[in-house]
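Written below as structure tokens is the structure these notes are about.
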Amino acid sequence: MKRTIIILLVLIYCSKAFAQQVAKITDPVEWVNPLMGTDSKHSLSNGNTYPAIAVPWGMNFWVPQSNVMGNGWAYQYSADKIRGFKQTHQPSPWMNDYGQFSIMPVTGKLKFDQDERASWFSHKAETAKPYYYSVYLADADVTTEITPTERAAQFRFTFPQTNDGYIIIDAFDKGSYIKIIPKEKKIIGYTTKNSGGVTDNFKNYFVIYSNKPFAFAHTFHGKQLAKDTIELTGNHVGAIVGFKTAKGEKVELKVASSFISFEQAELNLHREIGNKTFETTQSEAKKAWNKELSKIEVEGGSIDQIRTFYSCMYRTLQFPQKHYELDANGKVIHYSPYNGKVLPGYLFAGTGFWDTFRALYPFLNLVYPSINKEMQEGLINAYKEGGFLPEWSSPGFRNVMVGNNSASIVADAYLKGLRGYDINILYQALKHGANNEGPMDAVGRKGVEYYNTLGYVPYDVKINENAARTLEYAFDDFSIYKLAKALNRPKEEQDLYAKRSQNFRNLFDPETKLMRGKNKDGSFQSPFNPYKWGDAFTEGNSWHYSWSVFHDVKNLAELMGGKAQFAKMLDSVFTTPPIFDDSYYGGVIHEIREMQIMNMGQYAHGNQPIQHMIYLYNYAAQPWKTQYWVRQVLDRFYKATPDGYCGDEDNGQTSAWYVFSSMGFYPVCPGSNQYVLGAPLFKKVTIQLENGKTFTIQAPENSDKNLYIKNALFNGNSYTKNWINHFEVMKGGNLLFEMNAAPNLQKGTKPEDEPYSFSKDEK
């Protein structure tokens with residue numbers, strides 16, 4: 001009897017263990033948790049995300065709004081109440097929003113002020129999916145449902161029996177307009193509320209149709225009901241329409257907007273929704289997500305790992321948003337936030353290249369090159385209309401962050417084979433940006449005269465974050481060099497940017513073996529504290545930025561004393577306690593706190609500058625350390641839960657790190673056409689490439705313990721290199737890893753196994 005019980009227990013254990021492994025994914029969108037990262041606040045980011053109810057790269061997103069209008073944290077998981085359902089274009093709470101208005105049902109006493117109309121809700125009565133959102137509003141006894149298209153959406157409100165059911169349309173403050181047209185069961189309006197990056201004539205026009213006639217129609221301004229008018233313009237206006245409803249009666253709205261005109265908003269609504277039912281729109285939105293998410297199929301991971309993978313992938317397919325529309329003839333047009341005109345062609349908005357050049361755009365170049373082709377065309381238009389390429393667009397130029405990373409965005413796309421747009425205009429845009437200061441500090445190159453003459457931006461000339469600028473400019477010059485070479489530009493032009501790409505050397509301090517600000521006279525800044533955040537660096541310290549030599553790691557390793565010493569310096573990032581100096585900011589910023597609490601020393605994965613650093617062991621003949629640390633970060637810092645990130649998600653970048661790393665490789669140096677190997681998280685990953693080919697990564701023995709690569713086969717042949725080539729991947733094929741619980745200390749240790757470095761590979 002005892003033996004039988006033991007056998008049964010073993011069988012039960014084995015079946016449970018087997019059940020933990022997900023074999024086949026057929027409906028990837030159902031694995032996404034849009035609430036991942038929403039349990040965030042100003043002082044601590046667990047993602048700083050919101051549940052975007054949208055389609056991939058849609059022009060408009062929708063979000064349940066728990067905070068007051070104007071608060072960048074529109075939806076916080078810890079909130080108790082919802083104030084409305086907001087159309088949003090917000091890329092992050094720090095950038096805030098534009099083109100925003102909200103819709104909210106209420107019952108009983110008429111309540112239209114955002115605080116008074118707010119209703120208690122519970123996550124237990126909330127369903128959040130990328131293509132559908134539903135929540136029960138307890139105070140109103142109304143269930144709200146939303147399903148999106150690119151520029152429109154459908155709402156469905158299930159009301160109780162009442163003579164006093166209302167829907168509030170809030171066009172927000174800072175200038176708005178509203179008009180109710182009862183005969184057509186229609187409301188139109190516009191909102192001008194924004195956070196910058198637009199011209200004075202900016203408007204987001206919206207049209208709303210109801211399936212039920214209005215029994216009540218009023219407008220309001222601020223907190224006052226406007227009597228005897230159903231059309232109003234003011235600082236803060238809105239509309240109220242009312243109904244008598246039976247218990248369970250559904251009131252439906254069809255909503256669309258346009259940055260161009262009311263007529264274009266009507267056209268967007270007719271084209272994208274028309275006479276479609278709520279269920280049809282929902283089904284189409286779900287198909288849109290599954291089409292894109294199915295480009296990568298993962299197998300042989302745990303339930304949590306699968307959920308996290310597709311939740312991260314969902315984030316990579318959101319920004320930048322389409323900022324273009326289709327006119328009556330189906331031609332692509334856009335409102336330009338750069339000059340205020342309506343012009344032909346593509347435009348995208350809502351991304352910061354300081355974050356996204358690292359992994360998000362390389363991810364698009366690998367899996368979704370056709371959408372990035374549209375984005376490149378959009379950059380051409382931005383340059384023509386604004387005179388510079390944007391480094392942070394929301395929707396136009398925003399004065400935040402450093403670097404000239406549009407160079408990487410443009411170069412990496414072309415070097416990885418994207419064609420069909422005028423690359424020569426973009427190349428001229430890169431040269432222009434590299435040699436001029438822009439209309440604001442974050443456009444063009446702040447300190448360019450110093451950089452081009454001295455080879456660095458000095459510490460003592462009142463240009464903040466000067467060392468970070470220098471390091472990023474050097475990589476951007478590498479990107480321009482690589483593109484100049486591909487375009488067969490004059491040799492002296494190629495040589496100029498090749499030479500400037502080495503400017504990182506000017507900030508290397510042999511004494512500390514770290515990057516250090518340098519004064520105009522050539523002396524290093526003093527005193528120097530490598531743990532000081534900000535000052536010479538951007539949202540980090542010298543321990544974070546010293547690795548920002550993406551294009552010449554071999555040279556960096558030599559400066560630090562050779563491969564062995566380089567590896568020790570890398571080790572020090574993890575073994576040094578998370579001490580910090582916050583004096584530049586006058587207090588602990590959230591990025592500092594996120595590093596401090598993660599128990600990984602000075603490694604600050606919650607922000608972008610150091611995210612590639614783990615992969616640099618591949619240049620130091622110790623690739624097994626990359627394999628170890630990648631798995632640590634994948635397992636510890638990501639989960640498909642409201643607190644599932646370890647810092648700002650930042651428009652797909654931090655998610656793209658996860659997606660790439662869980663597949664087993666990462667683009668350390670965009671523009672090199674190489675992916676540096678880590679180790680895969682899953683037993684099998686299949687990438688459906690746009691050219692019709694399939695690339696498969698297999699690791700059958702992969703497990704929590706078997707995290708090291710023992711051997712590798714590339715298309716059946718033994719493979720020792722620590723990198724794979726983009727164009728070999730694009731041919732399709734198979735990369736097979738033999739995994740083991742112990743590291744292979746011989747694999748990938750030869751000089752020829754090292755990934756690309758400028759000083760090694762450019763002749």
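By order in the structure tokens, chains are A, B, ...; within a chain, residues start at 1; ligands start at 1, following the order shown.
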### Task
Write out as a PyMOL selection string all residues of region 66-145 of chain A that DSSP puts in strand (DSSP E) for this structure's backbone.
chain A and resi 81-82+84-88+101-107+119-120+126-129+132-137+142-145
For the selection just defined, write its residues with C-alpha atoms to a file, as a PDB file, in the first residue's frame.
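Result saved to out35.pdb:
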```
ATOM      1  CA  LYS A  81     -11.817  54.808  -8.383  1.00  0.00           C
ATOM      2  CA  ILE A  82     -12.154  55.450 -12.109  1.00  0.00           C
ATOM      3  CA  GLY A  84     -13.378  58.235 -16.976  1.00  0.00           C
ATOM      4  CA  PHE A  85     -12.158  56.322 -19.984  1.00  0.00           C
ATOM      5  CA  LYS A  86      -9.586  58.450 -21.721  1.00  0.00           C
ATOM      6  CA  GLN A  87      -8.317  58.578 -25.259  1.00  0.00           C
ATOM      7  CA  THR A  88      -4.579  58.863 -24.818  1.00  0.00           C
ATOM      8  CA  PHE A 101     -10.633  63.494 -23.793  1.00  0.00           C
ATOM      9  CA  SER A 102     -12.712  61.097 -21.711  1.00  0.00           C
ATOM     10  CA  ILE A 103     -16.065  59.330 -21.622  1.00  0.00           C
ATOM     11  CA  MET A 104     -17.787  58.288 -18.384  1.00  0.00           C
ATOM     12  CA  PRO A 105     -21.211  56.836 -17.489  1.00  0.00           C
ATOM     13  CA  VAL A 106     -23.058  57.909 -14.348  1.00  0.00           C
ATOM     14  CA  THR A 107     -26.515  57.249 -12.907  1.00  0.00           C
ATOM     15  CA  SER A 119     -16.764  55.462  -9.229  1.00  0.00           C
ATOM     16  CA  TRP A 120     -15.338  52.747  -7.038  1.00  0.00           C
ATOM     17  CA  GLU A 126     -12.122  44.151 -14.319  1.00  0.00           C
ATOM     18  CA  THR A 127     -11.035  42.421 -17.540  1.00  0.00           C
ATOM     19  CA  ALA A 128      -8.019  43.893 -19.298  1.00  0.00           C
ATOM     20  CA  LYS A 129      -6.880  42.605 -22.665  1.00  0.00           C
ATOM     21  CA  TYR A 132     -10.906  44.604 -24.974  1.00  0.00           C
ATOM     22  CA  TYR A 133     -11.464  46.181 -21.592  1.00  0.00           C
ATOM     23  CA  SER A 134     -14.367  45.781 -19.191  1.00  0.00           C
ATOM     24  CA  VAL A 135     -14.990  47.051 -15.694  1.00  0.00           C
ATOM     25  CA  TYR A 136     -17.933  47.303 -13.326  1.00  0.00           C
ATOM     26  CA  LEU A 137     -18.447  50.830 -11.977  1.00  0.00           C
ATOM     27  CA  VAL A 142     -22.827  50.272 -14.956  1.00  0.00           C
ATOM     28  CA  THR A 143     -20.455  47.913 -16.748  1.00  0.00           C
ATOM     29  CA  THR A 144     -18.241  49.635 -19.302  1.00  0.00           C
ATOM     30  CA  GLU A 145     -16.709  47.791 -22.255  1.00  0.00           C
TER      31      GLU A 145
END
```
### Message
Set the distance at 9 Å and use only C-alpha atoms: which residues neighbour region 67-76 of chain A once local chain neighbours fewer than 6 positions away are removed? I'd like the list as a list in words.
### Response
Thr38, Asp39, Ser40, Lys41, His42, Asn48, Thr49, Tyr50, Pro51, Ile82, Arg83, Lys86, Gln90, Ser92, Pro93, Trp94, Met95, Asn96, Asp97, Gln114, Asp115, Phe172, Asp173, Lys193, Asn194 and Ser195 of chain A
### Task
Please provide the set of residues having any atom within 10 Å of region 239-247 of chain A, restricted to only C-alpha atoms, with same-chain residues fewer than 5 positions apart removed, written as JSON, numbers by chain.
{"A": [103, 104, 105, 106, 107, 110, 111, 112, 158, 159, 160, 161, 162, 163, 164, 165, 166, 167, 168, 169, 170, 171, 177, 178, 179, 180, 182, 185, 186, 187, 188, 189, 210, 212, 213, 214, 215, 216, 217, 218, 219, 220, 221, 225, 226, 230, 231, 232]}
### Query
Leaving out Ala411 (chain A) and any residue of its chain fewer than 3 positions from it, which residues lie within 8 Å of it when counting only C-alpha atoms, given as a PyMOL selection string?
chain A and resi 407-408+414-415+479-480+482-483+671
Go ahead and dump the residues you just picked, N, CA and C atoms, as a PDB file, in the first residue's frame.
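Contents of result-v6.pdb, as written:
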```pdb
ATOM      1  N   ALA A 407      20.741  58.887 -35.336  1.00  0.00           N
ATOM      2  CA  ALA A 407      21.759  58.320 -36.233  1.00  0.00           C
ATOM      3  C   ALA A 407      21.708  56.801 -36.218  1.00  0.00           C
ATOM      4  N   SER A 408      21.564  56.220 -35.036  1.00  0.00           N
ATOM      5  CA  SER A 408      21.485  54.763 -34.927  1.00  0.00           C
ATOM      6  C   SER A 408      20.195  54.236 -35.530  1.00  0.00           C
ATOM      7  N   TYR A 414      18.804  50.854 -42.433  1.00  0.00           N
ATOM      8  CA  TYR A 414      19.329  50.703 -43.799  1.00  0.00           C
ATOM      9  C   TYR A 414      20.362  49.585 -43.873  1.00  0.00           C
ATOM     10  N   LEU A 415      21.233  49.517 -42.889  1.00  0.00           N
ATOM     11  CA  LEU A 415      22.283  48.497 -42.896  1.00  0.00           C
ATOM     12  C   LEU A 415      21.713  47.097 -42.760  1.00  0.00           C
ATOM     13  N   SER A 479      27.670  55.251 -36.175  1.00  0.00           N
ATOM     14  CA  SER A 479      26.503  54.924 -37.001  1.00  0.00           C
ATOM     15  C   SER A 479      26.550  55.680 -38.317  1.00  0.00           C
ATOM     16  N   ILE A 480      26.931  56.960 -38.247  1.00  0.00           N
ATOM     17  CA  ILE A 480      27.025  57.758 -39.476  1.00  0.00           C
ATOM     18  C   ILE A 480      28.135  57.216 -40.365  1.00  0.00           C
ATOM     19  N   LYS A 482      29.198  54.114 -40.570  1.00  0.00           N
ATOM     20  CA  LYS A 482      28.761  52.868 -41.210  1.00  0.00           C
ATOM     21  C   LYS A 482      27.785  53.149 -42.355  1.00  0.00           C
ATOM     22  N   LEU A 483      26.899  54.105 -42.166  1.00  0.00           N
ATOM     23  CA  LEU A 483      25.966  54.435 -43.238  1.00  0.00           C
ATOM     24  C   LEU A 483      26.696  55.116 -44.389  1.00  0.00           C
ATOM     25  N   GLY A 671      23.843  48.547 -36.000  1.00  0.00           N
ATOM     26  CA  GLY A 671      24.709  48.997 -37.089  1.00  0.00           C
ATOM     27  C   GLY A 671      25.819  48.028 -37.409  1.00  0.00           C
TER      28      GLY A 671
END
```
### Message
So that I can check the surroundings of Gly222 (chain A), please list as a list in words every protein, DNA and RNA residue that reaches within 9 Å of it, counting only C-alpha atoms and ignoring chain neighbours fewer than 4 positions away.
### Response
Asp113, Phe172, Asp173, Gly234, Asn235, His236, Val237 and Gly238 of chain A
Can you write just those residues out, N, CA, C and O atoms, as an mmCIF file, in the first residue's frame?
```cif
data_model
loop_
_atom_site.group_PDB
_atom_site.id
_atom_site.type_symbol
_atom_site.label_atom_id
_atom_site.label_comp_id
_atom_site.auth_asym_id
_atom_site.auth_seq_id
_atom_site.Cartn_x
_atom_site.Cartn_y
_atom_site.Cartn_z
ATOM 1 N N ASP A 113 -18.458 66.663 -12.716
ATOM 2 C CA ASP A 113 -17.107 66.989 -12.263
ATOM 3 C C ASP A 113 -16.310 65.695 -12.076
ATOM 4 O O ASP A 113 -16.839 64.681 -11.609
ATOM 5 N N PHE A 172 -11.789 68.223 -21.519
ATOM 6 C CA PHE A 172 -10.633 68.632 -20.719
ATOM 7 C C PHE A 172 -10.350 70.135 -20.814
ATOM 8 O O PHE A 172 -10.949 70.863 -21.592
ATOM 9 N N ASP A 173 -9.397 70.560 -20.003
ATOM 10 C CA ASP A 173 -9.096 71.986 -19.907
ATOM 11 C C ASP A 173 -7.988 72.394 -20.877
ATOM 12 O O ASP A 173 -7.579 71.602 -21.714
ATOM 13 N N GLY A 234 -14.595 76.907 -24.599
ATOM 14 C CA GLY A 234 -14.048 77.514 -23.395
ATOM 15 C C GLY A 234 -12.770 76.845 -22.954
ATOM 16 O O GLY A 234 -12.202 76.010 -23.668
ATOM 17 N N ASN A 235 -12.341 77.224 -21.761
ATOM 18 C CA ASN A 235 -11.130 76.603 -21.216
ATOM 19 C C ASN A 235 -11.338 75.125 -20.951
ATOM 20 O O ASN A 235 -10.470 74.299 -21.249
ATOM 21 N N HIS A 236 -12.507 74.786 -20.389
ATOM 22 C CA HIS A 236 -12.791 73.389 -20.037
ATOM 23 C C HIS A 236 -14.278 73.149 -20.228
ATOM 24 O O HIS A 236 -15.104 73.589 -19.425
ATOM 25 N N VAL A 237 -14.626 72.457 -21.302
ATOM 26 C CA VAL A 237 -16.036 72.208 -21.599
ATOM 27 C C VAL A 237 -16.274 70.722 -21.801
ATOM 28 O O VAL A 237 -15.341 69.942 -22.006
ATOM 29 N N GLY A 238 -17.548 70.361 -21.740
ATOM 30 C CA GLY A 238 -17.919 68.968 -21.944
ATOM 31 C C GLY A 238 -19.396 68.858 -22.235
ATOM 32 O O GLY A 238 -20.138 69.854 -22.235
#
```
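Candidate residues A:Ile333, A:Ala413, A:Ala118, A:Ala349 were compared for distance to Pro91 (chain A), and the nearest is A:Ala349, using only C-alpha atoms.
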Can you list every residue of region 559-630 of chain A that has an atom at most 9 Å from region 721-727 of chain A, with its nearest atom pair and the distance in Å to one decimal, using only C-alpha atoms, ordered by chain then number, as JSON lines?
```
{"residue": "A:Asn618", "atom": "CA", "partner": "A:Asn722", "partner_atom": "CA", "distance": 6.1}
{"residue": "A:Tyr619", "atom": "CA", "partner": "A:Asn722", "partner_atom": "CA", "distance": 8.3}
{"residue": "A:Pro623", "atom": "CA", "partner": "A:Asn722", "partner_atom": "CA", "distance": 7.3}
```
Could you write those residues out with N, CA and C atoms, as a CSV table (one decimal), in the first residue's frame?
```csv
chain,number,residue,atom,x,y,z
A,618,ASN,N,31.1,38.4,-23.4
A,618,ASN,CA,31.4,37.8,-24.7
A,618,ASN,C,32.6,38.3,-25.4
A,619,TYR,N,33.0,39.5,-25.0
A,619,TYR,CA,34.2,40.2,-25.6
A,619,TYR,C,35.4,39.9,-24.7
A,623,PRO,N,32.0,34.0,-21.9
A,623,PRO,CA,30.6,34.1,-22.3
A,623,PRO,C,29.6,33.5,-21.3
```
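Closest approach to Ala474 (chain A) among A:Phe259, A:Tyr456, A:Phe665, A:Trp547: A:Tyr456, based on only C-alpha atoms.
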### Message
Among region 221-285 of chain A, which residues does DSSP mark as helix (DSSP H, G or I) when it is run on the backbone? Keep the chain and numbering as in the structure and answer as a ChimeraX atom specification.
### Response
/A:262-272,278-285
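CA of Tyr421 (chain A) is found 11.4 Å from CA of Tyr346 (chain A).
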Write out as a Markdown table the residues of region 356-397 of chain A that have any atom within 10 Å of an atom of region 684-708 of chain A, one row each with the nearest atom pair and its distance in Å to one decimal, counting only C-alpha atoms, sorted by chain and then rising number.
```
| residue | atom | partner | partner_atom | distance |
| --- | --- | --- | --- | --- |
| A:Leu366 | CA | A:Leu689 | CA | 7.6 |
| A:Val367 | CA | A:Leu689 | CA | 5.9 |
| A:Tyr368 | CA | A:Glu690 | CA | 6.9 |
| A:Pro369 | CA | A:Glu690 | CA | 7.5 |
| A:Ser370 | CA | A:Glu690 | CA | 8.1 |
```
Go ahead and save the picked residues with N, CA, C and O atoms, as a PDB file, in the first residue's frame.
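again-v4.pdb, freshly written:
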```pdb
ATOM      1  N   LEU A 366      14.330  43.321 -37.240  1.00  0.00           N
ATOM      2  CA  LEU A 366      14.389  41.871 -37.364  1.00  0.00           C
ATOM      3  C   LEU A 366      13.020  41.277 -37.691  1.00  0.00           C
ATOM      4  O   LEU A 366      12.891  40.475 -38.618  1.00  0.00           O
ATOM      5  N   VAL A 367      11.997  41.677 -36.958  1.00  0.00           N
ATOM      6  CA  VAL A 367      10.708  40.995 -37.031  1.00  0.00           C
ATOM      7  C   VAL A 367       9.658  41.786 -37.809  1.00  0.00           C
ATOM      8  O   VAL A 367       8.796  41.202 -38.459  1.00  0.00           O
ATOM      9  N   TYR A 368       9.729  43.112 -37.766  1.00  0.00           N
ATOM     10  CA  TYR A 368       8.697  43.951 -38.393  1.00  0.00           C
ATOM     11  C   TYR A 368       9.314  45.044 -39.269  1.00  0.00           C
ATOM     12  O   TYR A 368       9.028  46.235 -39.092  1.00  0.00           O
ATOM     13  N   PRO A 369      10.155  44.687 -40.223  1.00  0.00           N
ATOM     14  CA  PRO A 369      10.811  45.736 -41.021  1.00  0.00           C
ATOM     15  C   PRO A 369       9.846  46.614 -41.808  1.00  0.00           C
ATOM     16  O   PRO A 369      10.140  47.787 -42.042  1.00  0.00           O
ATOM     17  N   SER A 370       8.686  46.090 -42.200  1.00  0.00           N
ATOM     18  CA  SER A 370       7.777  46.898 -43.016  1.00  0.00           C
ATOM     19  C   SER A 370       7.226  48.085 -42.230  1.00  0.00           C
ATOM     20  O   SER A 370       7.053  49.178 -42.791  1.00  0.00           O
TER      21      SER A 370
END
```
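The spacing separating CA of Ser302 (chain A) from CA of Ala23 (chain A) amounts to 9.3 Å.
Counting only C-alpha atoms and comparing A:Thr538, A:Gln428, A:Ser336, A:Asn452, the residue that lies closest to Asp200 (chain A) is A:Ser336.
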